[in-house]
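Shown next: coords.txt, given as compact mmCIF, C-alpha atoms.
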# COMPACT_ATOMS: atom_id res chain seq x y z
CA MET A 1 80.71 82.49 111.50
CA SER A 2 83.56 81.89 109.10
CA LYS A 3 86.22 84.37 108.21
CA ILE A 4 86.14 85.44 104.57
CA ALA A 5 89.30 85.77 102.48
CA LEU A 6 89.69 87.52 99.17
CA ILE A 7 92.40 86.71 96.69
CA VAL A 8 92.45 89.43 94.07
CA GLU A 9 94.59 89.19 90.95
CA PHE A 10 95.29 92.35 88.99
CA GLU A 11 97.00 92.55 85.63
CA THR A 12 98.25 96.11 85.37
CA LYS A 13 99.24 97.97 82.27
CA PRO A 14 103.06 97.88 82.40
CA GLU A 15 103.41 101.66 82.46
CA ASN A 16 101.01 101.90 85.43
CA ARG A 17 102.32 99.14 87.71
CA ALA A 18 104.37 101.37 90.05
CA ALA A 19 101.53 103.90 90.46
CA PHE A 20 99.03 101.08 91.01
CA ILE A 21 101.20 99.51 93.72
CA GLU A 22 101.49 102.85 95.51
CA LEU A 23 97.72 103.41 95.29
CA ILE A 24 96.77 99.92 96.47
CA ARG A 25 99.34 99.98 99.29
CA GLY A 26 97.74 103.15 100.66
CA HIS A 27 94.30 101.60 100.26
CA GLY A 28 95.36 98.56 102.26
CA GLU A 29 96.91 100.61 105.05
CA GLY A 30 93.76 102.73 105.34
CA THR A 31 91.50 99.69 105.28
CA LEU A 32 93.42 98.03 108.12
CA ALA A 33 93.43 101.23 110.15
CA ASP A 34 89.76 102.14 109.69
CA GLU A 35 87.86 98.85 109.35
CA ASP A 36 87.83 96.71 112.49
CA GLY A 37 86.50 93.77 110.47
CA CYS A 38 89.56 93.70 108.19
CA LEU A 39 92.01 91.32 109.86
CA GLN A 40 94.69 91.12 107.16
CA PHE A 41 95.51 92.97 103.95
CA ASP A 42 98.65 91.83 102.15
CA LEU A 43 100.06 93.11 98.88
CA LEU A 44 101.82 90.31 96.99
CA LEU A 45 104.25 91.04 94.16
CA PRO A 46 105.10 87.99 92.05
CA THR A 47 108.72 87.43 91.17
CA GLU A 48 107.59 86.69 87.62
CA GLY A 49 104.93 88.34 85.48
CA ASN A 50 105.84 92.00 85.76
CA GLY A 51 102.28 93.30 85.37
CA ARG A 52 100.65 91.11 87.98
CA VAL A 53 99.78 92.15 91.52
CA PHE A 54 97.86 90.11 94.09
CA LEU A 55 95.99 91.04 97.24
CA TYR A 56 95.23 88.69 100.11
CA GLU A 57 92.57 90.11 102.41
CA VAL A 58 90.87 88.50 105.41
CA TYR A 59 87.63 89.78 106.95
CA ARG A 60 86.06 88.76 110.26
CA ASP A 61 82.81 87.69 108.58
CA GLU A 62 80.45 88.47 105.72
CA ALA A 63 79.20 91.61 107.44
CA ALA A 64 82.75 92.99 107.62
CA LEU A 65 83.30 92.21 103.94
CA ARG A 66 80.00 93.90 103.08
CA GLU A 67 81.11 96.98 105.06
CA HIS A 68 84.36 97.03 103.11
CA ASN A 69 82.58 96.64 99.77
CA LEU A 70 80.34 99.62 100.58
CA SER A 71 83.16 101.85 101.86
CA PRO A 72 83.85 105.20 100.20
CA ARG A 73 87.57 104.33 100.26
CA LEU A 74 87.05 101.27 98.07
CA ALA A 75 84.86 103.20 95.63
CA ALA A 76 87.46 105.96 95.32
CA THR A 77 90.31 103.47 94.94
CA ARG A 78 88.49 101.57 92.20
CA LYS A 79 87.81 104.81 90.36
CA ASN A 80 91.47 105.83 90.63
CA TYR A 81 92.84 102.54 89.30
CA ALA A 82 90.25 101.86 86.59
CA ASP A 83 92.49 102.99 83.74
CA MET A 84 95.60 101.29 85.17
CA LEU A 85 94.39 97.71 84.65
CA GLU A 86 94.18 95.13 81.91
CA SER A 87 92.08 92.79 84.08
CA LYS A 88 91.00 91.91 87.61
CA THR A 89 89.85 88.59 89.09
CA ILE A 90 88.40 88.23 92.59
CA HIS A 91 88.19 84.92 94.43
CA VAL A 92 86.02 84.90 97.57
CA CYS A 93 86.85 82.06 99.97
CA THR A 94 85.81 80.93 103.41
CA VAL A 95 88.71 80.37 105.78
CA GLY A 96 88.61 76.79 107.03
Represent the structure contained in this file as structure tokens.
Amino acid sequence: MSKIALIVEFETKPENRAAFIELIRGHGEGTLADEDGCLQFDLLLPTEGNGRVFLYEVYRDEAALREHNLSPRLAATRKNYADMLESKTIHVCTVG
């Protein structure tokens, strides 16, 4: 089974970037602590493009990603950041 990586690009509303970063950082820490199938969860802050935020997440396999996608934490986090964003793009990749 292949590991699954997510690369998520967020474009935040400028006035919400700091609050979004704090929210998503807590989400990542909780995900790593509580989900055995989450192997890596990195918050990436570009040196340019002040509204952009990236996540790099790695999951053991598709079952672990499915568990994450169904987690109450993810649902709550998405609800909390819904009004903070201009856009979101998710890239799902196998790790080769």
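Closest to Phe10 in chain A among A:Gly26, A:Asp61, A:Phe54, A:Ala33 is A:Phe54, based on only C-alpha atoms.
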>> Ranking A:Arg73, A:Leu32, A:His91, A:Tyr59 by minimum distance to Ser2 in chain A and counting all atoms listed in the file, which one comes first?
In response: A:Tyr59
> Using only C-alpha atoms, which residue out of A:Tyr56, A:Gly37, A:Gly51, A:Leu70 lies closest to Glu15 in chain A?
Replying inline: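 Using only C-alpha atoms, Glu15 in chain A sits closest to A:Gly51.
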>> I'd like the interatomic distance between CA of Thr89 in chain A and CA of Val8 in chain A, to a tenth of an Å.
In response: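 Computing it gives 5.7 Å between the two atoms.
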Let me have the centre and edge lengths in Å, one decimal, of the box along x, y and z around every listed atom of range 58-65 of chain A with 3 Å of margin on each side, as lines of an AutoDock Vina configuration file.
center_x = 85.0
center_y = 90.3
center_z = 107.1
size_x = 17.7
size_y = 11.3
size_z = 12.3
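The space separating CA of Asn16 in chain A from CA of Leu74 in chain A comes to 18.8 Å.
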> Near Met1 in chain A, within 12 Å and counting all atoms listed in the file, which residues show up once chain neighbours fewer than 5 positions away are dropped, as a list in words?
Replying inline: Tyr59, Arg60, Asp61, Glu62, Ala63, Ala64, Thr94, Val95 and Gly96 of chain A
